[in-house]
>>> print(open('data_30.txt').read())   # compact mmCIF, C-alpha atoms (C1' of nucleotides)
# COMPACT_ATOMS: atom_id res chain seq x y z
CA MET A 1 66.35 132.03 111.27
CA LYS A 2 68.61 129.91 113.43
CA PRO A 3 71.46 128.54 111.36
CA ALA A 4 71.86 124.77 111.14
CA ILE A 5 75.49 124.91 112.12
CA THR A 6 76.95 127.05 114.86
CA TYR A 7 80.34 127.17 116.51
CA GLU A 8 81.23 127.88 120.06
CA LEU A 9 84.79 128.68 121.03
CA ILE A 10 85.57 127.30 124.48
CA HIS A 11 89.24 127.94 124.91
CA LYS A 12 92.36 128.94 123.09
CA CYS A 13 95.64 127.23 123.94
CA LYS A 14 97.93 129.89 125.41
CA GLN A 15 100.96 127.97 124.20
CA THR A 16 99.92 127.51 120.57
CA GLY A 17 96.71 129.38 119.81
CA ALA A 18 94.91 126.15 118.99
CA ARG A 19 91.13 126.31 119.35
CA ARG A 20 89.03 124.16 121.60
CA GLY A 21 85.36 124.39 120.66
CA VAL A 22 82.02 122.78 119.91
CA ILE A 23 80.12 122.59 116.65
CA HIS A 24 76.38 122.32 117.08
CA THR A 25 74.62 120.38 114.32
CA PRO A 26 71.10 119.05 113.83
CA HIS A 27 72.51 115.61 114.61
CA GLY A 28 74.45 116.38 117.72
CA ASP A 29 77.37 118.36 119.07
CA ILE A 30 80.92 117.83 117.95
CA GLN A 31 83.80 118.60 120.26
CA THR A 32 86.63 120.17 118.31
CA PRO A 33 89.28 119.83 117.07
CA VAL A 34 87.87 116.68 115.52
CA PHE A 35 88.93 114.04 113.05
CA MET A 36 86.16 112.90 110.71
CA PRO A 37 86.26 109.41 109.18
CA VAL A 38 85.50 109.25 105.47
CA GLY A 39 82.62 107.16 104.20
CA THR A 40 82.59 108.06 100.54
CA GLN A 41 79.88 105.68 99.43
CA ALA A 42 77.70 106.06 102.50
CA THR A 43 79.88 103.67 104.46
CA VAL A 44 83.14 104.06 106.30
CA LYS A 45 84.71 101.11 104.55
CA SER A 46 84.19 97.87 106.52
CA MET A 47 82.70 99.59 109.59
CA THR A 48 79.12 99.33 110.77
CA PRO A 49 77.55 102.55 112.05
CA ASP A 50 77.20 100.76 115.35
CA GLU A 51 80.95 100.24 115.55
CA LEU A 52 81.58 103.84 114.57
CA LYS A 53 79.42 104.91 117.46
CA ASN A 54 80.22 102.41 120.16
CA GLU A 55 83.79 101.38 119.46
CA ILE A 56 85.13 104.57 117.95
CA ASP A 57 82.65 107.19 119.07
CA ALA A 58 82.83 109.16 115.85
CA LYS A 59 80.55 112.18 116.02
CA ILE A 60 80.56 112.99 112.35
CA ILE A 61 81.48 111.21 109.15
CA LEU A 62 81.86 112.22 105.53
CA ALA A 63 80.09 111.05 102.43
CA ASN A 64 80.57 112.06 98.83
CA THR A 65 78.09 113.69 96.52
CA TYR A 66 79.74 112.60 93.29
CA HIS A 67 79.87 108.94 94.27
CA LEU A 68 76.38 108.82 95.72
CA TYR A 69 74.93 110.69 92.76
CA LEU A 70 76.28 107.96 90.49
CA ARG A 71 75.29 105.15 92.81
CA PRO A 72 72.68 104.58 94.11
CA GLY A 73 71.45 107.91 92.71
CA GLU A 74 69.31 110.67 94.14
CA GLU A 75 66.02 108.84 93.65
CA VAL A 76 66.99 105.97 95.91
CA ILE A 77 68.28 108.18 98.68
CA LYS A 78 65.29 110.43 98.43
CA GLU A 79 62.97 107.45 98.76
CA ALA A 80 65.04 106.17 101.69
CA GLY A 81 64.34 109.44 103.46
CA GLY A 82 67.83 110.89 103.19
CA LEU A 83 71.31 109.66 103.82
CA HIS A 84 71.01 109.34 107.60
CA LYS A 85 68.15 106.90 107.33
CA PHE A 86 69.55 105.18 104.28
CA MET A 87 72.76 104.25 106.06
CA ASN A 88 71.39 104.05 109.60
CA TRP A 89 73.61 106.81 110.98
CA ASP A 90 71.94 109.25 113.32
CA ARG A 91 74.90 111.48 114.04
CA ALA A 92 76.23 114.26 111.85
CA ILE A 93 77.21 113.85 108.22
CA LEU A 94 79.30 116.12 106.06
CA THR A 95 79.06 115.71 102.31
CA ASP A 96 81.87 116.65 100.01
CA SER A 97 80.60 118.21 96.83
CA GLY A 98 82.56 116.45 94.12
CA GLY A 99 85.14 119.21 94.01
CA PHE A 100 87.84 116.75 94.91
CA GLN A 101 86.78 114.53 92.00
CA VAL A 102 87.38 117.49 89.70
CA PHE A 103 90.97 117.00 90.81
CA SER A 104 91.22 113.23 91.21
CA LEU A 105 89.30 112.41 88.04
CA SER A 106 90.99 115.13 86.05
CA GLY A 107 91.33 112.87 83.03
CA LEU A 108 87.57 112.38 82.92
CA ARG A 109 86.15 115.86 83.13
CA LYS A 110 85.87 119.21 81.44
CA ILE A 111 85.44 122.45 83.39
CA THR A 112 83.38 125.35 82.13
CA GLU A 113 82.05 128.44 83.84
CA ASP A 114 78.74 126.70 84.25
CA GLY A 115 80.10 123.59 85.94
CA VAL A 116 81.95 120.35 85.32
CA GLU A 117 81.15 117.68 82.82
CA PHE A 118 82.36 114.31 84.08
CA ARG A 119 82.57 111.06 82.25
CA SER A 120 81.41 108.61 84.87
CA HIS A 121 84.31 106.47 86.09
CA LEU A 122 81.83 103.60 86.34
CA ASP A 123 80.29 103.42 82.90
CA GLY A 124 81.65 106.39 80.99
CA ARG A 125 78.34 108.17 80.74
CA ARG A 126 78.33 111.92 80.67
CA ILE A 127 77.14 113.75 83.77
CA VAL A 128 77.10 117.46 84.46
CA PHE A 129 77.64 118.97 87.88
CA THR A 130 76.82 122.62 88.40
CA PRO A 131 76.74 124.50 91.69
CA GLU A 132 72.95 124.35 91.49
CA SER A 133 72.77 120.64 90.73
CA VAL A 134 75.25 119.83 93.48
CA MET A 135 73.21 121.82 96.01
CA HIS A 136 70.12 119.99 94.89
CA THR A 137 71.82 116.64 95.37
CA GLU A 138 73.26 117.59 98.74
CA ASN A 139 69.84 118.81 99.84
CA ILE A 140 68.44 115.42 98.95
CA LEU A 141 71.26 113.68 100.79
CA GLY A 142 70.33 115.79 103.79
CA SER A 143 73.81 116.12 105.25
CA ASP A 144 74.33 118.43 108.18
CA ILE A 145 77.24 120.14 106.49
CA MET A 146 77.29 120.50 102.73
CA MET A 147 80.45 121.58 100.98
CA ALA A 148 80.20 124.11 98.18
CA PHE A 149 81.09 122.90 94.72
CA ASP A 150 84.68 123.89 94.04
CA GLU A 151 87.69 122.98 92.02
CA CYS A 152 90.59 121.48 93.86
CA CYS A 153 93.64 122.55 91.82
CA PRO A 154 96.47 120.13 91.24
CA TYR A 155 99.96 120.76 92.56
CA PRO A 156 101.72 122.45 90.98
CA SER A 157 99.50 124.82 88.99
CA THR A 158 100.46 128.10 87.38
CA TYR A 159 99.52 131.38 88.99
CA ASP A 160 97.29 132.22 86.09
CA TYR A 161 95.40 128.96 86.14
CA THR A 162 95.07 128.97 89.91
CA LYS A 163 93.71 132.51 89.87
CA LYS A 164 91.08 131.76 87.25
CA SER A 165 90.11 128.56 89.04
CA MET A 166 89.89 130.27 92.43
CA GLU A 167 87.75 133.09 91.07
CA ARG A 168 85.44 130.59 89.43
CA THR A 169 85.21 128.64 92.68
CA THR A 170 84.16 131.86 94.41
CA ARG A 171 81.46 132.50 91.80
CA TRP A 172 80.32 128.93 92.21
CA ALA A 173 80.11 129.43 95.98
CA GLN A 174 77.82 132.40 95.42
CA ARG A 175 75.65 130.26 93.18
CA CYS A 176 75.68 127.47 95.76
CA LYS A 177 74.45 129.81 98.44
CA ALA A 178 71.69 131.08 96.19
CA ALA A 179 70.61 127.55 95.26
CA HIS A 180 70.71 126.09 98.77
CA GLU A 181 67.15 125.12 99.57
CA ARG A 182 67.32 124.43 103.31
CA PRO A 183 69.76 126.66 105.18
CA GLU A 184 67.89 126.14 108.41
CA GLU A 185 68.55 122.39 108.30
CA GLN A 186 71.87 122.09 106.52
CA GLY A 187 74.91 124.30 106.75
CA LEU A 188 76.76 125.25 103.59
CA PHE A 189 80.53 125.61 103.96
CA GLY A 190 82.70 127.58 101.57
CA ILE A 191 86.05 126.31 100.40
CA ILE A 192 89.02 128.61 100.22
CA GLN A 193 91.19 127.91 97.20
CA GLY A 194 94.11 129.75 95.65
CA GLY A 195 96.66 126.97 95.41
CA PHE A 196 100.08 127.88 96.71
CA TYR A 197 99.83 131.61 96.12
CA LYS A 198 99.25 133.72 99.21
CA ASP A 199 97.60 136.65 97.52
CA LEU A 200 95.12 134.29 95.87
CA ARG A 201 94.39 132.59 99.17
CA GLU A 202 93.79 135.98 100.71
CA ARG A 203 91.41 137.00 97.93
CA SER A 204 89.57 133.71 98.07
CA ALA A 205 89.08 133.96 101.83
CA ARG A 206 88.01 137.59 101.71
CA ASP A 207 85.42 137.05 98.96
CA LEU A 208 84.00 133.88 100.45
CA ILE A 209 83.69 135.39 103.90
CA LYS A 210 81.47 138.06 102.40
CA LEU A 211 78.94 135.31 101.77
CA ASP A 212 78.62 134.83 105.53
CA LEU A 213 78.45 131.06 105.34
CA PRO A 214 78.24 129.04 108.59
CA GLY A 215 81.71 127.53 108.12
CA TYR A 216 84.80 127.59 105.97
CA ALA A 217 87.29 125.08 104.70
CA ILE A 218 90.78 125.17 103.29
CA GLY A 219 90.86 123.13 100.11
CA GLY A 220 93.56 122.45 97.60
CA ILE A 221 96.39 121.70 99.99
CA SER A 222 97.66 118.28 100.96
CA VAL A 223 97.57 117.40 97.26
CA GLY A 224 101.09 116.05 96.95
CA GLU A 225 103.19 119.10 97.82
CA PRO A 226 106.21 118.95 100.15
CA LYS A 227 105.40 119.27 103.82
CA GLU A 228 107.02 122.71 104.12
CA GLU A 229 104.74 124.13 101.47
CA PHE A 230 101.76 122.52 103.11
CA LEU A 231 102.65 124.14 106.44
CA GLU A 232 103.37 127.46 104.81
CA MET A 233 99.94 127.64 103.18
CA LEU A 234 98.15 126.21 106.20
CA ASN A 235 99.64 128.75 108.56
CA PHE A 236 99.02 131.56 106.14
CA THR A 237 95.42 130.69 105.36
CA ALA A 238 93.97 129.55 108.68
CA PRO A 239 94.25 132.97 110.36
CA LEU A 240 92.27 134.49 107.50
CA MET A 241 89.24 132.44 108.49
CA PRO A 242 86.44 133.74 110.72
CA GLU A 243 86.99 133.22 114.42
CA ASP A 244 83.37 132.53 115.18
CA LYS A 245 82.84 129.70 112.68
CA PRO A 246 84.22 126.21 112.20
CA ARG A 247 87.46 125.97 110.27
CA TYR A 248 87.88 122.81 108.28
CA LEU A 249 91.08 121.60 106.66
CA MET A 250 90.15 119.14 103.94
CA GLY A 251 91.96 115.87 103.35
CA VAL A 252 94.37 115.72 106.23
CA GLY A 253 94.83 112.70 108.43
CA SER A 254 98.38 111.76 109.34
CA PRO A 255 99.06 112.44 113.02
CA ASP A 256 101.62 115.16 112.38
CA TYR A 257 99.43 117.00 109.87
CA LEU A 258 96.51 116.83 112.28
CA ILE A 259 98.54 118.35 115.07
CA GLU A 260 99.97 121.05 112.82
CA ALA A 261 96.47 121.84 111.59
CA THR A 262 95.19 122.14 115.14
CA MET A 263 98.02 124.47 116.06
CA ALA A 264 97.14 126.62 113.09
CA GLY A 265 93.64 127.03 114.52
CA ILE A 266 91.82 124.38 112.50
CA ASP A 267 88.79 122.64 114.03
CA MET A 268 87.94 119.82 111.64
CA CYS A 269 89.90 117.45 109.43
CA ASP A 270 88.97 114.41 107.41
CA CYS A 271 91.01 111.81 105.65
CA VAL A 272 90.85 108.41 104.03
CA LEU A 273 94.30 107.60 105.37
CA PRO A 274 93.35 105.54 108.45
CA THR A 275 90.96 103.31 106.54
CA ARG A 276 93.09 103.12 103.43
CA ILE A 277 96.28 102.08 105.16
CA ALA A 278 94.20 99.65 107.21
CA ARG A 279 93.27 97.93 103.97
CA ASN A 280 96.93 97.63 103.14
CA GLY A 281 98.05 96.24 106.48
CA THR A 282 99.32 99.31 108.32
CA ALA A 283 98.47 100.69 111.73
CA MET A 284 99.13 104.05 113.36
CA THR A 285 100.21 103.69 116.96
CA TRP A 286 101.44 105.93 119.77
CA ASN A 287 104.90 104.64 118.95
CA GLY A 288 104.73 105.23 115.23
CA LYS A 289 103.59 103.42 112.16
CA VAL A 290 103.38 99.64 112.36
CA VAL A 291 103.28 97.78 109.06
CA VAL A 292 101.78 94.71 110.66
CA ARG A 293 101.91 92.91 107.32
CA ASN A 294 105.68 92.68 107.71
CA ALA A 295 107.42 89.45 108.62
CA THR A 296 108.76 90.67 111.93
CA TYR A 297 105.26 90.39 113.39
CA GLU A 298 104.74 86.77 112.41
CA LYS A 299 105.00 85.61 116.01
CA ASP A 300 104.33 88.87 117.81
CA TRP A 301 101.72 88.06 120.43
CA GLY A 302 101.34 91.60 121.68
CA PRO A 303 98.61 94.02 120.61
CA LEU A 304 99.00 96.39 117.67
CA ASP A 305 99.55 99.21 120.10
CA PRO A 306 100.36 98.49 123.75
CA GLU A 307 99.02 101.91 124.74
CA CYS A 308 95.69 101.46 123.00
CA ASP A 309 92.48 100.09 124.49
CA CYS A 310 90.41 99.80 121.32
CA TYR A 311 88.47 96.64 120.57
CA THR A 312 91.25 95.36 118.33
CA CYS A 313 94.05 95.97 120.79
CA ARG A 314 92.08 94.52 123.70
CA ASN A 315 91.47 91.25 121.90
CA TYR A 316 93.90 90.43 119.10
CA SER A 317 97.61 89.94 118.58
CA ARG A 318 99.78 91.39 115.88
CA ALA A 319 100.49 87.84 114.77
CA TYR A 320 96.81 87.15 114.22
CA ILE A 321 96.17 90.43 112.44
CA ARG A 322 99.19 89.84 110.22
CA HIS A 323 97.81 86.42 109.38
CA LEU A 324 94.46 87.94 108.43
CA VAL A 325 96.12 90.63 106.33
CA LYS A 326 98.33 88.12 104.53
CA CYS A 327 95.29 85.98 103.73
CA LYS A 328 93.36 89.07 102.65
CA GLU A 329 90.68 88.19 105.12
CA ILE A 330 88.04 90.88 105.62
CA LEU A 331 88.44 90.79 109.36
CA GLY A 332 92.00 92.02 109.07
CA VAL A 333 90.80 95.16 107.32
CA ARG A 334 88.08 95.61 109.89
CA LEU A 335 90.30 95.20 112.92
CA LEU A 336 92.89 97.59 111.51
CA SER A 337 90.23 100.13 110.54
CA ILE A 338 88.75 100.02 114.02
CA HIS A 339 92.16 100.59 115.50
CA ASN A 340 93.26 103.36 113.16
CA LEU A 341 90.01 105.28 113.50
CA TYR A 342 90.09 104.85 117.24
CA PHE A 343 93.68 105.98 117.35
CA LEU A 344 92.97 109.23 115.51
CA THR A 345 89.86 109.82 117.57
CA LYS A 346 91.85 109.38 120.76
CA LEU A 347 94.67 111.50 119.42
CA MET A 348 92.24 114.36 118.87
CA GLU A 349 90.68 113.79 122.27
CA ARG A 350 94.13 114.13 123.74
CA VAL A 351 94.79 117.23 121.65
CA ARG A 352 91.58 118.78 122.98
CA MET A 353 92.69 118.10 126.52
CA GLU A 354 96.14 119.56 125.93
CA ILE A 355 94.55 122.69 124.47
CA GLU A 356 92.45 123.08 127.57
CA ASN A 357 95.61 122.74 129.64
CA ASP A 358 97.49 125.21 127.45
CA ASN A 359 100.02 122.49 126.81
CA LEU A 360 99.65 121.53 123.16
CA GLY A 361 103.14 122.69 122.22
CA ASN A 362 104.75 120.40 124.77
CA PHE A 363 102.53 117.54 123.80
CA ARG A 364 103.46 117.97 120.15
CA LYS A 365 107.15 117.68 120.98
CA GLU A 366 106.66 114.57 123.08
CA PHE A 367 104.36 112.94 120.59
CA TYR A 368 106.59 113.59 117.61
CA LYS A 369 109.59 112.14 119.40
CA LYS A 370 107.72 108.98 120.26
CA TYR A 371 106.05 108.64 116.89
CA GLY A 372 109.29 109.12 115.03
CA TYR A 373 108.72 112.49 113.40
CA ASP A 374 111.31 115.26 113.29
CA THR A 375 110.61 117.93 115.84
CA LYS A 376 111.99 120.77 113.82
CA GLU A 377 110.57 123.95 115.28
C1' G B 1 106.90 44.19 82.52
C1' U B 2 105.94 47.04 77.60
C1' G B 3 104.99 51.72 75.26
C1' A B 4 104.42 57.02 75.37
C1' G B 5 105.16 61.60 77.78
C1' U B 6 107.09 65.10 81.40
C1' A B 7 111.38 66.98 84.44
C1' U B 8 113.02 75.13 84.33
C1' A B 9 112.70 79.87 91.42
C1' G B 10 108.73 77.54 97.21
C1' C B 11 104.27 76.18 93.79
C1' G B 12 102.08 76.33 88.71
C1' U B 13 104.00 77.25 84.02
C1' A B 14 106.52 79.86 79.34
C1' G B 15 110.93 79.52 76.63
C1' C B 16 112.78 73.98 73.21
C1' U B 17 113.53 75.74 64.19
C1' G B 18 120.67 75.86 69.45
C1' G B 19 123.09 82.52 70.04
C1' U B 20 124.41 88.03 74.96
C1' U B 21 121.73 89.53 82.14
C1' A B 22 116.21 82.27 81.38
C1' A B 23 110.28 85.01 81.27
C1' C B 24 105.25 85.04 83.65
C1' G B 25 101.47 84.21 87.57
C1' C B 26 100.97 82.98 92.63
C1' G B 27 103.78 82.94 97.05
C1' C B 28 107.83 85.40 99.78
C1' C B 29 110.38 90.31 101.31
C1' A B 30 109.97 95.61 101.56
C1' G B 31 108.24 100.62 100.40
C1' U B 32 104.10 103.97 99.26
C1' U B 33 99.19 105.53 100.69
C1' U B 34 96.40 112.34 103.21
C1' G B 35 88.12 116.28 100.71
C1' U B 36 88.81 107.13 98.37
C1' G B 37 88.47 105.85 90.25
C1' G B 38 91.96 101.41 95.16
C1' C B 39 91.61 94.49 99.35
C1' A B 40 95.56 99.21 95.31
C1' C B 41 100.30 100.73 93.54
C1' U B 42 105.91 100.50 93.22
C1' G B 43 110.15 97.93 93.95
C1' G B 44 113.17 93.52 95.54
C1' A B 45 115.09 88.57 96.65
C1' G B 46 114.94 83.87 94.78
C1' A B 47 116.96 79.00 89.36
C1' C B 48 124.36 75.29 89.28
C1' C B 49 117.11 74.95 83.62
C1' C B 50 116.65 66.39 87.23
C1' U B 51 121.81 63.69 87.10
C1' G B 52 125.98 62.02 84.09
C1' G B 53 128.10 61.87 79.37
C1' G B 54 128.21 63.56 74.19
C1' U B 55 127.61 66.89 69.55
C1' U B 56 128.90 72.23 68.77
C1' C B 57 132.68 78.20 68.63
C1' G B 58 128.18 78.12 71.73
C1' A B 59 123.13 73.68 74.87
C1' A B 60 117.39 74.94 79.21
C1' U B 61 116.97 73.97 73.84
C1' C B 62 119.99 68.50 69.83
C1' C B 63 121.84 63.10 70.94
C1' C B 64 122.79 58.86 74.55
C1' A B 65 122.36 56.67 79.41
C1' G B 66 120.41 56.92 84.27
C1' U B 67 116.78 58.56 87.91
C1' A B 68 111.88 60.35 89.34
C1' C B 69 106.94 61.22 88.25
C1' U B 70 102.42 60.78 84.91
C1' C B 71 99.34 58.20 81.52
C1' A B 72 98.08 53.88 78.56
C1' C B 73 98.47 48.66 77.80
C1' C B 74 99.68 43.73 79.67
>>> encode(input="data_30.txt", output="structure tokens")
Amino acid sequence: MKPAITYELIHKCKQTGARRGVIHTPHGDIQTPVFMPVGTQATVKSMTPDELKNEIDAKIILANTYHLYLRPGEEVIKEAGGLHKFMNWDRAILTDSGGFQVFSLSGLRKITEDGVEFRSHLDGRRIVFTPESVMHTENILGSDIMMAFDECCPYPSTYDYTKKSMERTTRWAQRCKAAHERPEEQGLFGIIQGGFYKDLRERSARDLIKLDLPGYAIGGISVGEPKEEFLEMLNFTAPLMPEDKPRYLMGVGSPDYLIEATMAGIDMCDCVLPTRIARNGTAMTWNGKVVVRNATYEKDWGPLDPECDCYTCRNYSRAYIRHLVKCKEILGVRLLSIHNLYFLTKLMERVRMEIENDNLGNFRKEFYKKYGYDTKE
RNA sequence: GUGAGUAUAGCGUAGCUGGUUAACGCGCCAGUUUGUGGCACUGGAGACCCUGGGUUCGAAUCCCAGUACUCACC
């Protein structure tokens, strides 16, 4: 049986160890490292699939099992012929399992060995997610990469709680693998947990790797901890992951975190950040963050980012975008989303090139200086 | 012209049985945002309470006059 998802390592940066590779999926190849835009409810907020392809050239996007299970529900997506057809996206899709909602909706759920009972955030009705039910839903969604059902632990959590949670997540991953109905069409990724305890991370990785899944993710970091702790866990956990499979760091999307992740040997990241800050009037640029909502841009006739050639930057001024944002016009959100997604896509394209040239370390230094980050080694 | 009413932050209003830093919404200014419970959240600036006089220990609040606006009637 040929697995749905395979990874090909092309080059390792001699300066940093970062990986340059390709992920093969049933809906196309993905050059890595890659940033994946998030489209929780089967839409990257405010973007048409056409724009994602032609303006941004995203190769893969995320969707969310919990949200789509609630609305529109499995029946609708099944009848549509799967998520790709439903949303008119013919490139790759990765579905998150609802594990993050175990964390983000912590006030609305109860965890047992069997699974998680949520109270729907929409109408309060009781719904039960088990590893088996989540696999069933993700099979119906038909994503190229399905994430195993896990628990994303809050920060901070006690050692004892984190250990129990991690062990349960591992058992759930085993159940997910057993319940997965179409391994030849959809790849199931395991999620390494273990909070901020190295021995737990090590155990989690070791036990999940035994399942021989086609890819692995680091979950449960970037949940509000200080940056040093994030880096510590990232750099400890990434090397535990298989060399011959995609390595996915979940929930990371600021430029510095993306670069640090890449240097740690991560291949895939996703984040709501670019689209979320777009909705609140902020752009990421090669010269740092630009809160275009601010008054200083009232009569700024230049583009958001002078070094960017995205649709937004080719055609619109900061003054105009600020106007749209201040008026809460939809176009403001759209133009900023296009730019931010394009920016991160281009950043990763650049990162890939620097890896090939064994120059990522130098690039990091330069980029941080320009962007306004500390370059503490 | 007569009568009645209203005048409080840029705008719309609350406070008016007199009592320490005059409240709220919008707007304005800024910060946050990292597997999306979000066009969200958190802060901040901004008012000689229309003017003048009076009563009182004390007035946005009560009284008088003026001014402006609103409505009704002639």
>>> interface_residues(input="data_30.txt", of="chain B", to="chain A", cutoff="10 Å", atoms="all atoms listed in the file", output="number ranges by chain")
B: 28-30, 32-40
>>> residues_around(input="data_30.txt", residues="G66 (chain B)", least_positions_apart="2", cutoff="12 Å", atoms="only C-alpha atoms (C1' of nucleotides)", output="JSON, numbers by chain")
{"B": [50, 51, 52, 53, 64, 68]}
>>> residues_around(input="data_30.txt", residues="U2 (chain B)", least_positions_apart="3", cutoff="12 Å", atoms="all atoms listed in the file", output="VMD selection string")
chain B and resid 72 to 74
>>> residues_around(input="data_30.txt", residues="Ala18 (chain A)", least_positions_apart="3", cutoff="12 Å", atoms="all atoms listed in the file", output="ChimeraX atom specification")
/A:9-15,21,32-33,235,238-239,243,247,258-268,351-361,364
>>> atom_distance(input="data_30.txt", atom1="CA of Ile145 (chain A)", atom2="CA of Ala4 (chain A)")
8.5 Å
>>> atom_distance(input="data_30.txt", atom1="CA of Lys365 (chain A)", atom2="CA of Phe230 (chain A)")
19.3 Å
>>> closest_residue(input="data_30.txt", among="A:Cys176, A:Ile111, A:Val128, A:Met348", to="Lys164 (chain A)", atoms="only C-alpha atoms")
A:Ile111
>>> closest_residue(input="data_30.txt", among="A:Asn340, A:Thr296, A:Gln174, A:Asn362", to="Ile209 (chain A)", atoms="all atoms listed in the file")
A:Gln174
>>> decode(input="data_30.txt", residues="region 11-23 of chain B", atoms="N, CA, C and O atoms (P, O5', C5', C4', C3', O3' and C1' of nucleotides)", output="CSV table (one decimal), in the first residue's frame")
chain,number,residue,atom,x,y,z
B,11,C,P,-20.2,68.7,19.6
B,11,C,O5',-20.8,67.3,19.1
B,11,C,C5',-21.3,67.2,17.7
B,11,C,C4',-21.9,65.9,17.5
B,11,C,C3',-23.0,65.5,18.5
B,11,C,O3',-24.3,66.1,18.2
B,11,C,C1',-21.6,63.7,18.4
B,12,G,P,-25.3,66.5,19.3
B,12,G,O5',-25.9,65.1,19.8
B,12,G,C5',-26.5,64.2,18.9
B,12,G,C4',-26.9,62.9,19.5
B,12,G,C3',-27.6,63.1,20.9
B,12,G,O3',-29.0,63.3,20.7
B,12,G,C1',-25.9,61.4,21.1
B,13,U,P,-29.8,64.0,22.0
B,13,U,O5',-29.1,63.3,23.2
B,13,U,C5',-29.9,63.1,24.4
B,13,U,C4',-29.3,61.9,25.1
B,13,U,C3',-29.4,62.0,26.7
B,13,U,O3',-30.7,61.6,27.1
B,13,U,C1',-27.3,61.2,26.0
B,14,A,P,-31.2,62.3,28.5
B,14,A,O5',-30.3,61.7,29.6
B,14,A,C5',-30.5,60.3,29.9
B,14,A,C4',-29.5,59.8,31.0
B,14,A,C3',-29.6,60.5,32.3
B,14,A,O3',-30.8,60.2,33.1
B,14,A,C1',-27.4,60.0,31.8
B,15,G,P,-31.5,61.2,34.1
B,15,G,O5',-30.2,61.5,35.1
B,15,G,C5',-29.9,60.6,36.1
B,15,G,C4',-28.7,61.0,36.8
B,15,G,C3',-28.8,62.3,37.6
B,15,G,O3',-29.2,62.0,39.0
B,15,G,C1',-26.9,62.5,36.3
B,16,C,P,-30.6,62.5,39.6
B,16,C,O5',-30.4,64.0,39.4
B,16,C,C5',-29.9,64.8,40.4
B,16,C,C4',-30.4,66.2,40.2
B,16,C,C3',-31.9,66.2,40.3
B,16,C,O3',-32.3,66.7,41.5
B,16,C,C1',-31.1,67.4,38.3
B,17,U,P,-33.8,66.2,42.0
B,17,U,O5',-33.5,66.5,43.5
B,17,U,C5',-34.1,67.6,44.1
B,17,U,C4',-34.9,67.2,45.3
B,17,U,C3',-33.9,66.9,46.4
B,17,U,O3',-33.6,68.1,47.2
B,17,U,C1',-35.4,65.0,46.1
B,18,G,P,-32.2,68.8,47.1
B,18,G,O5',-31.5,68.4,45.7
B,18,G,C5',-30.5,67.5,45.5
B,18,G,C4',-29.1,68.3,45.4
B,18,G,C3',-28.1,67.7,46.3
B,18,G,O3',-27.3,66.8,45.6
B,18,G,C1',-28.1,70.2,46.3
B,19,G,P,-26.1,66.3,45.2
B,19,G,O5',-25.0,66.6,46.3
B,19,G,C5',-23.7,67.2,45.9
B,19,G,C4',-22.6,66.7,46.9
B,19,G,C3',-22.7,65.2,47.2
B,19,G,O3',-21.5,64.5,46.9
B,19,G,C1',-22.7,66.6,49.2
B,20,U,P,-20.3,64.9,46.1
B,20,U,O5',-19.4,63.6,45.8
B,20,U,C5',-18.1,63.8,45.1
B,20,U,C4',-17.2,64.5,46.0
B,20,U,C3',-15.7,64.5,45.6
B,20,U,O3',-15.5,65.7,44.7
B,20,U,C1',-15.9,63.9,47.8
B,21,U,P,-14.1,66.1,44.2
B,21,U,O5',-13.7,65.2,43.0
B,21,U,C5',-12.9,65.6,41.9
B,21,U,C4',-12.5,64.5,41.0
B,21,U,C3',-13.6,63.7,40.4
B,21,U,O3',-14.0,64.3,39.2
B,21,U,C1',-12.0,62.2,41.3
B,22,A,P,-15.4,64.9,38.9
B,22,A,O5',-16.1,63.8,38.1
B,22,A,C5',-17.0,62.9,38.7
B,22,A,C4',-18.3,62.9,37.9
B,22,A,C3',-18.1,62.5,36.4
B,22,A,O3',-18.0,61.1,36.3
B,22,A,C1',-19.5,64.4,36.5
B,23,A,P,-16.8,60.3,35.5
B,23,A,O5',-17.6,59.0,35.0
B,23,A,C5',-18.2,58.1,35.9
B,23,A,C4',-19.5,57.6,35.3
B,23,A,C3',-19.4,57.2,33.8
B,23,A,O3',-18.9,55.8,33.7
B,23,A,C1',-21.3,58.6,34.0
